[in-house]
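The block underneath contains the structure these notes are about, expressed in structure tokens.
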Amino acid sequence: MKKIYLLAIMGISVLLSSCGHGGQGELVGAYNRKFKNNRIPLGMVYIPPGHTPLGGSDEDITFSQNGPSRMTTISAFFMDQTEISNAEYRQFTNWVRDSIAISMMGNPQQFMMNPKGKNADALGGEKYINWKAVGTNGANIWRNKGKGGAGAQAAQLDGMYYSGLDALPGRKEFDVRKFEYNYAELNMDKAALGHKNPNSKRQDYIDRYNIAIYPDTMVWKTDYSYSQNDPMVRGYYNHPSYDDYPVVGVSWEQAKAFSHWRTRLYDGVAQARKMPTGSRSDYRLPAETEFEYAARGGNTKTKYPWGGPYIRNTKGCLQANFKPGRGDYSSDGGIYTVGVRSYFPNDYGLYNMSGNVSEWTLTAYNKGASPLLHDLNPNFTYVAGPNDSKYLKRKVVKGGSWKDTGYFLQNAVSTYEYQDTQRSYIGFRCVSSYPGTDLRN
């Protein structure tokens, strides 16, 4: 009898294995959970895939010798509609500031939370900051009165401020040198070179960074000799009148740290919504070719983001914020920078792809690499270390700025700056690769 039962159980097991998830013994695949992949990130626009000539036009004799036009195919991606503004970058600095403050206070219970559900065990019961309890712009940390405020812990934050002879009498100001964003990322270039080496470890390809986060507002003085820019030093980053102006005084390294933080910020929300890991591609700086492709707005061989060939429209109005002539900064409607939504957008809906501020790209500046670039998503990258030559620290800057002449507004024109350098005329915007072929299909 026992043998009959055993045979029956074995028969049922075979039947279930052939009719259940095994697909009757056929290859059916192991699919990830589906989710809506057509949502455009807030503040971004969709740049469809396509092919187009990039580089200088044949008519531009001077430039065509250095950057000849070549047919290139670019994959789809999302791009910030505007340059990153002071208010948007301040969200980053406030996040780091408040995280450090909570740590210095000993992680008080009113600002902490435990993960719930299945993730709790996997994370070892680790606590996380409850940003709702922290309040907008850290309101519940930095007020000393009221229920839920920092209160008794306020004295523990004194180390975040200038003190002694560094402090101005009657003022309590943050010592911005103490605020750093610490992160690590996998260096794909290193991994590509050494991942087949049996003696290598994953840690060999992980880069770790400690990046000072606050913009260098002193660039308004150091970039210009004998110029009265003190009001810009004092007010540009913090005054509400400049909230929607592009952030400047940010190095390439800081822009890269901001992109990493922005990715992690969204990952936390995606996890709470039970979306798959990596449902949105990492935020990053655009490659030089992506920037030029987006600036053209889907048009071919255009000289400027608005088309061209002229910098003025049919009414005689200048179409970007730049330096129209010697000593003339105001004819275009702005003396320094202007709001990030000034002037008309290009055909993709992107604002200020030329003028206002030049913008960092992901691409390392090396004209010798141009002939070697692939014709599909071409890009040349190199993340220089602290001890590398300054020539290896050059990064491509695109778009021209409020202090540049009209030549630098051209879509095909590139220049460079060093990755650890801040300027009063360089900002940035982010992109995120579209995880698919085309959003429209």
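Lettering and numbering for the structure tokens are positional, with chains as A, B, ... in the shown order, residues counted from 1 in each chain, and ligands counted from 1 in the shown order.
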If DSSP is run on the backbone, what residues of region 64-254 of chain A are alpha helix (DSSP H)? A reply as an MDAnalysis selection string would be ideal. chainID A and resid 64 86:104 118:122 131:134 139:142 188:194 219:222 230:235 252:254
Quick one: everything within 9 Å of region 241-257 of chain A, counting only C-alpha atoms, minus sequence neighbours fewer than 3 positions away in the same chain. Send it as JSON, numbers by chain. {"A": [82, 83, 84, 85, 86, 87, 88, 89, 181, 182, 183, 209, 211, 212, 213, 214, 215, 216, 217, 218, 219, 220, 235, 236, 237, 238, 260, 261, 262, 284, 285, 337, 338, 339, 340, 341, 356, 357, 360, 361, 362, 395, 417, 418, 419, 420, 421, 422, 423, 424, 425, 426, 427, 428, 429, 430]}
Near-region 276-281 of chain A list (9 Å; only C-alpha atoms; drop same-chain fewer than 6 positions) as a compact mmCIF listing (two decimals) with N, CA and C atoms, in the first residue's frame:
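See result_11.txt below for the written result:
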# COMPACT_ATOMS: atom_id res chain seq x y z
N ASN A 32 10.60 39.75 -15.90
CA ASN A 32 10.50 40.70 -14.80
C ASN A 32 9.08 41.24 -14.72
N ARG A 33 8.75 41.78 -13.56
CA ARG A 33 7.41 42.34 -13.39
C ARG A 33 7.24 43.57 -14.28
N LYS A 34 6.12 43.63 -14.97
CA LYS A 34 5.86 44.74 -15.88
C LYS A 34 5.50 46.01 -15.12
N PHE A 35 5.87 47.14 -15.69
CA PHE A 35 5.45 48.43 -15.14
C PHE A 35 5.39 49.43 -16.29
N ASN A 37 6.36 52.13 -18.60
CA ASN A 37 7.68 52.64 -18.95
C ASN A 37 7.60 53.89 -19.83
N PRO A 41 10.17 61.78 -16.76
CA PRO A 41 10.52 62.34 -15.45
C PRO A 41 10.15 63.82 -15.35
N THR A 263 19.79 60.31 -8.49
CA THR A 263 19.43 58.92 -8.78
C THR A 263 18.98 58.21 -7.53
N TYR A 266 15.48 59.28 -6.25
CA TYR A 266 14.36 58.64 -6.93
C TYR A 266 14.27 57.15 -6.59
N ASP A 267 15.40 56.49 -6.43
CA ASP A 267 15.39 55.06 -6.11
C ASP A 267 14.61 54.77 -4.84
N ALA A 270 10.97 54.93 -5.74
CA ALA A 270 10.61 53.77 -6.57
C ALA A 270 10.48 52.51 -5.73
N SER A 432 18.88 61.19 -18.58
CA SER A 432 18.66 59.83 -18.13
C SER A 432 18.32 59.00 -19.36
N SER A 433 19.09 57.98 -19.62
CA SER A 433 18.87 57.15 -20.81
C SER A 433 17.50 56.48 -20.76
N TYR A 434 16.83 56.44 -21.90
CA TYR A 434 15.53 55.76 -21.96
C TYR A 434 15.77 54.26 -22.04
N PRO A 435 15.19 53.46 -21.12
CA PRO A 435 15.41 52.01 -21.12
C PRO A 435 14.53 51.30 -22.15
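Shortest separation to Ile335 (chain A) among A:Asn321, A:Asn107, A:Thr73, A:Ser358 occurs at residue A:Asn321, atoms counted being only C-alpha atoms.
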List the neighbours of Thr405 (chain A) out to 7 Å using only C-alpha atoms; skip same-chain residues closer than 6 positions along the sequence, and give me the result as a compact mmCIF listing (two decimals) with N, CA and C atoms, in the first residue's frame.
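The resulting part24.txt:
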# COMPACT_ATOMS: atom_id res chain seq x y z
N PHE A 322 23.92 86.31 -24.24
CA PHE A 322 25.36 86.23 -24.51
C PHE A 322 25.91 87.65 -24.54
N LYS A 323 27.11 87.82 -25.05
CA LYS A 323 27.74 89.14 -25.13
C LYS A 323 27.67 89.61 -26.59
N PRO A 324 26.69 90.46 -26.92
CA PRO A 324 26.50 90.88 -28.32
C PRO A 324 27.66 91.69 -28.88
Excluding region 382-386 of chain A and its own-chain neighbours fewer than 2 positions away, which residues fall within 8 Å of it when counting only C-alpha atoms? Please give them as a ChimeraX atom specification. /A:189,363-364,380,388,392-393
At a cut-off of 9 Å, using only C-alpha atoms, what residues contact Lys178 (chain A)? Leave out same-chain residues fewer than 3 positions from it and give the result as a VMD selection string. chain A and resid 160 to 161 174 to 175 212
Shortest interatomic distance to Asn366 (chain A) - which of A:Tyr416, A:Ala184, A:Val45, A:Gln91, counting only C-alpha atoms: A:Tyr416
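In this model, the gap between CA of Asp98 (chain A) and CA of Ile141 (chain A) comes to 7.6 Å.
Nearest to Gly106 (chain A) of all the residues A:Asn377, A:Asn352, A:Gln156, A:Asn299 is A:Gln156, counting only C-alpha atoms.
Counting only C-alpha atoms, the residue from A:Ala294, A:Val396, A:Leu27, A:Val269 that sits nearest to Asn346 (chain A) is A:Ala294.
One finds CA of Thr222 (chain A) at 22.5 Å from CA of Tyr162 (chain A).
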